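J.: There's a structure below that I have some questions on.
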Amino acid sequence: MSIQTQMRKGLLDACILSIIQSQPVYGYELSKKLNDFQFTEVSEGTIYPILLRLLNKEFIYSEVRPSEQGPKRKYYFITEKGEEELEIVTGEWNKIKGPIDELLTRSVDYDANNETTD
């Protein structure tokens with residue numbers, strides 16, 4: 001498993017909550033939206049266990065609704081508890097994102113400014 005995959009996996013719950021917060025979605029639609037954000041390694045087989053976990057934590061709820069095309073679909077909606085969790089995770093992410101960006105950028109700048117020539 002690549003480091004990129006490991007990092008994304010750790011934040012996937014929050015990313016899914018964010019998508020559901022912006023608009024209720026059904027499972028396949030959620031998969032497509034994640035792909036739009038470069039989560040190409042996330043399969044439907046990965047999404048449904050996460051949705052179940054989020055349902056069990058009461059961060060989301062589902063409703064079966066008629067579809068304009070084909071059978072009924074199970075749509076997922078964020079709960080107040082899910083919105084609170086998303087806010088907490090987003091706050092924590094923002095606390096660590098800035099310092100990490102600064103550190104990694106500084107390291108690249110430091111290496112570029114301290115290059116030696118033969």
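A note on labels: chains of the structure tokens are A, B, ... as shown, every chain counts residues from 1, and ligands are counted from 1 in their shown order.
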Write out as an mmCIF file with C-alpha atoms, in the first residue's frame each polymer residue whose atoms come within 7 Å of Ile78 in chain A, counting only C-alpha atoms; drop sequence neighbours fewer than 4 positions from it.
T.:
data_model
loop_
_atom_site.group_PDB
_atom_site.id
_atom_site.type_symbol
_atom_site.label_atom_id
_atom_site.label_comp_id
_atom_site.auth_asym_id
_atom_site.auth_seq_id
_atom_site.Cartn_x
_atom_site.Cartn_y
_atom_site.Cartn_z
ATOM 1 C CA LEU A 17 -19.057 13.082 5.231
ATOM 2 C CA ILE A 20 -22.786 13.822 1.813
ATOM 3 C CA GLN A 21 -23.046 17.169 3.597
ATOM 4 C CA PHE A 59 -23.059 10.313 11.530
ATOM 5 C CA ILE A 60 -25.332 9.602 8.566
ATOM 6 C CA TYR A 61 -28.731 8.054 7.915
ATOM 7 C CA GLY A 82 -22.090 13.814 11.561
ATOM 8 C CA GLU A 83 -21.806 17.541 10.932
#
J.: Based on the backbone DSSP call, show me all residues of range 13-87 of chain A assigned strand (DSSP E), as a list in words.
T.: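 Reading the DSSP output for range 13-87 of chain A, strand (DSSP E) covers Val25, Tyr26, Ile60, Tyr61, Ser62, Glu63, Val64, Arg65, Arg73, Lys74, Tyr75, Tyr76, Phe77 and Ile78 of chain A.
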J.: Using all heavy atoms, can you export the residues from the last selection as a compact mmCIF listing (two decimals), in the first residue's frame?
T.:
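Generated output (again_13.txt):
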# COMPACT_ATOMS: atom_id res chain seq x y z
N VAL A 25 -26.37 11.52 -1.40
CA VAL A 25 -25.92 10.69 -2.52
C VAL A 25 -26.23 9.23 -2.25
O VAL A 25 -26.42 8.82 -1.12
CB VAL A 25 -24.40 10.84 -2.76
CG1 VAL A 25 -24.03 12.22 -3.24
CG2 VAL A 25 -23.59 10.46 -1.53
N TYR A 26 -26.25 8.44 -3.32
CA TYR A 26 -26.34 6.99 -3.19
C TYR A 26 -24.94 6.44 -3.42
O TYR A 26 -24.03 7.16 -3.86
CB TYR A 26 -27.38 6.39 -4.13
CG TYR A 26 -27.21 6.72 -5.59
CD1 TYR A 26 -26.51 5.87 -6.44
CD2 TYR A 26 -27.75 7.89 -6.14
CE1 TYR A 26 -26.34 6.16 -7.78
CE2 TYR A 26 -27.59 8.19 -7.47
CZ TYR A 26 -26.89 7.32 -8.29
OH TYR A 26 -26.72 7.61 -9.63
N ILE A 60 -24.49 9.50 9.75
CA ILE A 60 -25.33 9.60 8.57
C ILE A 60 -26.58 8.74 8.79
O ILE A 60 -26.62 7.92 9.71
CB ILE A 60 -24.61 9.14 7.28
CG1 ILE A 60 -24.18 7.68 7.37
CG2 ILE A 60 -23.41 10.05 6.97
CD1 ILE A 60 -23.61 7.10 6.07
N TYR A 61 -27.57 8.95 7.95
CA TYR A 61 -28.73 8.05 7.92
C TYR A 61 -29.08 7.83 6.45
O TYR A 61 -28.57 8.55 5.57
CB TYR A 61 -29.91 8.61 8.71
CG TYR A 61 -30.57 9.84 8.13
CD1 TYR A 61 -31.70 9.73 7.32
CD2 TYR A 61 -30.08 11.11 8.40
CE1 TYR A 61 -32.31 10.85 6.78
CE2 TYR A 61 -30.68 12.23 7.87
CZ TYR A 61 -31.79 12.10 7.06
OH TYR A 61 -32.39 13.23 6.53
N SER A 62 -29.88 6.84 6.19
CA SER A 62 -30.22 6.53 4.80
C SER A 62 -31.73 6.46 4.61
O SER A 62 -32.48 6.22 5.55
CB SER A 62 -29.58 5.20 4.39
OG SER A 62 -30.14 4.14 5.14
N GLU A 63 -32.12 6.73 3.39
CA GLU A 63 -33.51 6.61 2.96
C GLU A 63 -33.52 5.99 1.58
O GLU A 63 -32.71 6.35 0.73
CB GLU A 63 -34.18 7.99 2.85
CG GLU A 63 -34.50 8.66 4.14
CD GLU A 63 -35.18 10.01 3.94
OE1 GLU A 63 -35.58 10.35 2.80
OE2 GLU A 63 -35.29 10.75 4.93
N VAL A 64 -34.46 5.08 1.36
CA VAL A 64 -34.64 4.51 0.03
C VAL A 64 -35.62 5.42 -0.70
O VAL A 64 -36.70 5.73 -0.19
CB VAL A 64 -35.18 3.07 0.11
CG1 VAL A 64 -35.45 2.52 -1.28
CG2 VAL A 64 -34.18 2.19 0.86
N ARG A 65 -35.19 5.83 -1.90
CA ARG A 65 -36.00 6.75 -2.69
C ARG A 65 -36.14 6.22 -4.11
O ARG A 65 -35.23 5.55 -4.61
CB ARG A 65 -35.35 8.13 -2.73
CG ARG A 65 -35.35 8.82 -1.39
CD ARG A 65 -34.93 10.24 -1.53
NE ARG A 65 -35.17 10.97 -0.30
CZ ARG A 65 -34.87 12.23 -0.14
NH1 ARG A 65 -34.32 12.92 -1.12
NH2 ARG A 65 -35.14 12.84 1.00
N ARG A 73 -33.15 3.64 -4.95
CA ARG A 73 -31.77 3.77 -4.48
C ARG A 73 -31.76 4.20 -3.02
O ARG A 73 -32.64 4.94 -2.57
CB ARG A 73 -31.02 4.81 -5.31
CG ARG A 73 -30.85 4.41 -6.73
CD ARG A 73 -30.05 5.44 -7.49
NE ARG A 73 -29.77 4.93 -8.82
CZ ARG A 73 -29.71 5.69 -9.90
NH1 ARG A 73 -29.88 6.99 -9.80
NH2 ARG A 73 -29.45 5.16 -11.07
N LYS A 74 -30.72 3.76 -2.32
CA LYS A 74 -30.53 4.16 -0.93
C LYS A 74 -29.65 5.41 -0.92
O LYS A 74 -28.48 5.37 -1.29
CB LYS A 74 -29.87 3.05 -0.12
CG LYS A 74 -29.78 3.38 1.36
CD LYS A 74 -29.03 2.34 2.15
CE LYS A 74 -29.90 1.13 2.38
NZ LYS A 74 -29.28 0.18 3.33
N TYR A 75 -30.25 6.51 -0.48
CA TYR A 75 -29.52 7.78 -0.39
C TYR A 75 -29.04 7.98 1.04
O TYR A 75 -29.72 7.60 2.00
CB TYR A 75 -30.42 8.95 -0.78
CG TYR A 75 -30.60 9.08 -2.28
CD1 TYR A 75 -31.53 8.30 -2.96
CD2 TYR A 75 -29.81 9.97 -3.00
CE1 TYR A 75 -31.69 8.42 -4.33
CE2 TYR A 75 -29.96 10.08 -4.38
CZ TYR A 75 -30.90 9.31 -5.03
OH TYR A 75 -31.05 9.42 -6.38
N TYR A 76 -27.89 8.62 1.16
CA TYR A 76 -27.29 8.87 2.46
C TYR A 76 -27.31 10.37 2.76
O TYR A 76 -27.04 11.19 1.88
CB TYR A 76 -25.85 8.34 2.49
CG TYR A 76 -25.82 6.85 2.31
CD1 TYR A 76 -25.68 6.28 1.05
CD2 TYR A 76 -25.96 6.00 3.40
CE1 TYR A 76 -25.67 4.90 0.88
CE2 TYR A 76 -25.97 4.62 3.24
CZ TYR A 76 -25.82 4.09 1.98
OH TYR A 76 -25.84 2.72 1.82
N PHE A 77 -27.64 10.69 4.00
CA PHE A 77 -27.76 12.06 4.47
C PHE A 77 -26.92 12.21 5.74
O PHE A 77 -26.84 11.29 6.53
CB PHE A 77 -29.22 12.39 4.83
CG PHE A 77 -30.17 12.21 3.69
CD1 PHE A 77 -30.66 10.96 3.35
CD2 PHE A 77 -30.60 13.31 2.97
CE1 PHE A 77 -31.55 10.79 2.31
CE2 PHE A 77 -31.49 13.15 1.91
CZ PHE A 77 -31.97 11.89 1.58
N ILE A 78 -26.36 13.38 5.93
CA ILE A 78 -25.57 13.63 7.13
C ILE A 78 -26.50 14.02 8.28
O ILE A 78 -27.52 14.66 8.06
CB ILE A 78 -24.48 14.70 6.88
CG1 ILE A 78 -23.43 14.70 7.99
CG2 ILE A 78 -25.10 16.07 6.68
CD1 ILE A 78 -22.15 15.43 7.63
J.: Report as a ChimeraX atom specification all protein, DNA and RNA residues lying within 12 Å of range 85-102 of chain A, evaluated on only C-alpha atoms, omitting residues in the same chain fewer than 6 positions from it.
T.: /A:7,10-22,54,57-60,78-79,108-110
J.: The selected residues should be written to file as a short mmCIF file (atom, residue, chain, number, x, y, z; two decimals), in the first residue's frame (atoms: N, CA, C and O atoms).
T.:
data_model
loop_
_atom_site.label_atom_id
_atom_site.label_comp_id
_atom_site.auth_asym_id
_atom_site.auth_seq_id
_atom_site.Cartn_x
_atom_site.Cartn_y
_atom_site.Cartn_z
N MET A 7 -2.50 7.64 3.60
CA MET A 7 -2.90 8.96 4.07
C MET A 7 -4.36 9.24 3.72
O MET A 7 -5.12 9.73 4.55
N GLY A 10 -6.89 7.31 5.90
CA GLY A 10 -7.09 7.88 7.22
C GLY A 10 -8.08 9.03 7.24
O GLY A 10 -8.69 9.32 8.27
N LEU A 11 -8.28 9.69 6.12
CA LEU A 11 -9.18 10.84 6.05
C LEU A 11 -10.44 10.56 5.24
O LEU A 11 -11.26 11.45 5.05
N LEU A 12 -10.60 9.34 4.79
CA LEU A 12 -11.71 9.00 3.90
C LEU A 12 -13.07 9.21 4.55
O LEU A 12 -14.00 9.70 3.89
N ASP A 13 -13.23 8.87 5.82
CA ASP A 13 -14.51 9.09 6.49
C ASP A 13 -14.92 10.56 6.40
O ASP A 13 -16.07 10.88 6.07
N ALA A 14 -13.98 11.45 6.69
CA ALA A 14 -14.28 12.88 6.65
C ALA A 14 -14.60 13.34 5.23
O ALA A 14 -15.50 14.16 5.02
N CYS A 15 -13.89 12.81 4.26
CA CYS A 15 -14.16 13.17 2.86
C CYS A 15 -15.56 12.73 2.45
O CYS A 15 -16.28 13.47 1.78
N ILE A 16 -15.95 11.54 2.87
CA ILE A 16 -17.28 11.03 2.56
C ILE A 16 -18.34 11.88 3.26
O ILE A 16 -19.35 12.26 2.66
N LEU A 17 -18.12 12.22 4.52
CA LEU A 17 -19.06 13.08 5.23
C LEU A 17 -19.19 14.43 4.53
O LEU A 17 -20.29 14.98 4.41
N SER A 18 -18.10 14.97 4.04
CA SER A 18 -18.12 16.25 3.36
C SER A 18 -18.95 16.18 2.08
O SER A 18 -19.73 17.09 1.79
N ILE A 19 -18.79 15.11 1.33
CA ILE A 19 -19.57 14.95 0.10
C ILE A 19 -21.05 14.84 0.44
O ILE A 19 -21.90 15.49 -0.18
N ILE A 20 -21.38 14.02 1.43
CA ILE A 20 -22.79 13.82 1.81
C ILE A 20 -23.37 15.11 2.37
O ILE A 20 -24.55 15.41 2.15
N GLN A 21 -22.56 15.90 3.06
CA GLN A 21 -23.05 17.17 3.60
C GLN A 21 -23.45 18.11 2.46
O GLN A 21 -24.44 18.83 2.57
N SER A 22 -22.70 18.10 1.38
CA SER A 22 -22.99 19.01 0.28
C SER A 22 -24.24 18.60 -0.49
O SER A 22 -24.93 19.44 -1.04
N LEU A 54 -20.31 4.60 9.35
CA LEU A 54 -20.84 5.94 9.60
C LEU A 54 -22.31 5.88 10.04
O LEU A 54 -22.73 6.67 10.88
N LYS A 57 -22.33 4.80 13.70
CA LYS A 57 -21.92 5.91 14.58
C LYS A 57 -22.94 7.04 14.59
O LYS A 57 -22.76 8.03 15.28
N GLU A 58 -24.00 6.87 13.78
CA GLU A 58 -25.06 7.86 13.65
C GLU A 58 -24.57 9.19 13.08
O GLU A 58 -25.12 10.25 13.38
N PHE A 59 -23.55 9.12 12.23
CA PHE A 59 -23.06 10.31 11.53
C PHE A 59 -23.86 10.55 10.26
O PHE A 59 -23.87 11.67 9.74
N ILE A 60 -24.49 9.50 9.75
CA ILE A 60 -25.33 9.60 8.57
C ILE A 60 -26.58 8.74 8.79
O ILE A 60 -26.62 7.92 9.71
N ILE A 78 -26.36 13.38 5.93
CA ILE A 78 -25.57 13.63 7.13
C ILE A 78 -26.50 14.02 8.28
O ILE A 78 -27.52 14.66 8.06
N THR A 79 -26.16 13.61 9.48
CA THR A 79 -26.91 13.98 10.68
C THR A 79 -26.22 15.15 11.36
O THR A 79 -25.09 15.52 11.00
N VAL A 108 12.19 21.79 1.23
CA VAL A 108 12.50 21.86 -0.20
C VAL A 108 13.27 23.14 -0.50
O VAL A 108 14.26 23.12 -1.21
N ASP A 109 12.81 24.28 0.06
CA ASP A 109 13.50 25.55 -0.15
C ASP A 109 14.91 25.50 0.43
O ASP A 109 15.86 25.99 -0.17
N TYR A 110 15.08 24.90 1.59
CA TYR A 110 16.38 24.80 2.23
C TYR A 110 17.33 23.99 1.35
O TYR A 110 18.46 24.41 1.12
#
J.: Leaving out Leu34 in chain A and any residue of its chain fewer than 3 positions from it, which residues lie within 10 Å of it when counting only C-alpha atoms, given as a list in words?
T.: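 The residues satisfying every condition are Leu12, Cys15, Ile16, Ile19, Tyr28, Glu29, Leu30, Ser31, Phe37, Gln38, Phe39, Thr40, Glu41, Val42, Ser43 and Ile47 of chain A.
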J.: How many Å lie between CA of Ser67 in chain A and CA of Thr46 in chain A, rounded to one decimal?
T.: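 Taking CA of Ser67 in chain A as the start and CA of Thr46 in chain A as the end point, the length is 23.4 Å.
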J.: My list of candidates is A:Leu104, A:Tyr48, A:Lys81, A:Asn56. Which is closest to Gly27 in chain A when distances are computed with only C-alpha atoms?
T.: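 Comparing A:Leu104, A:Tyr48, A:Lys81, A:Asn56 against Gly27 in chain A, the winner is A:Tyr48.
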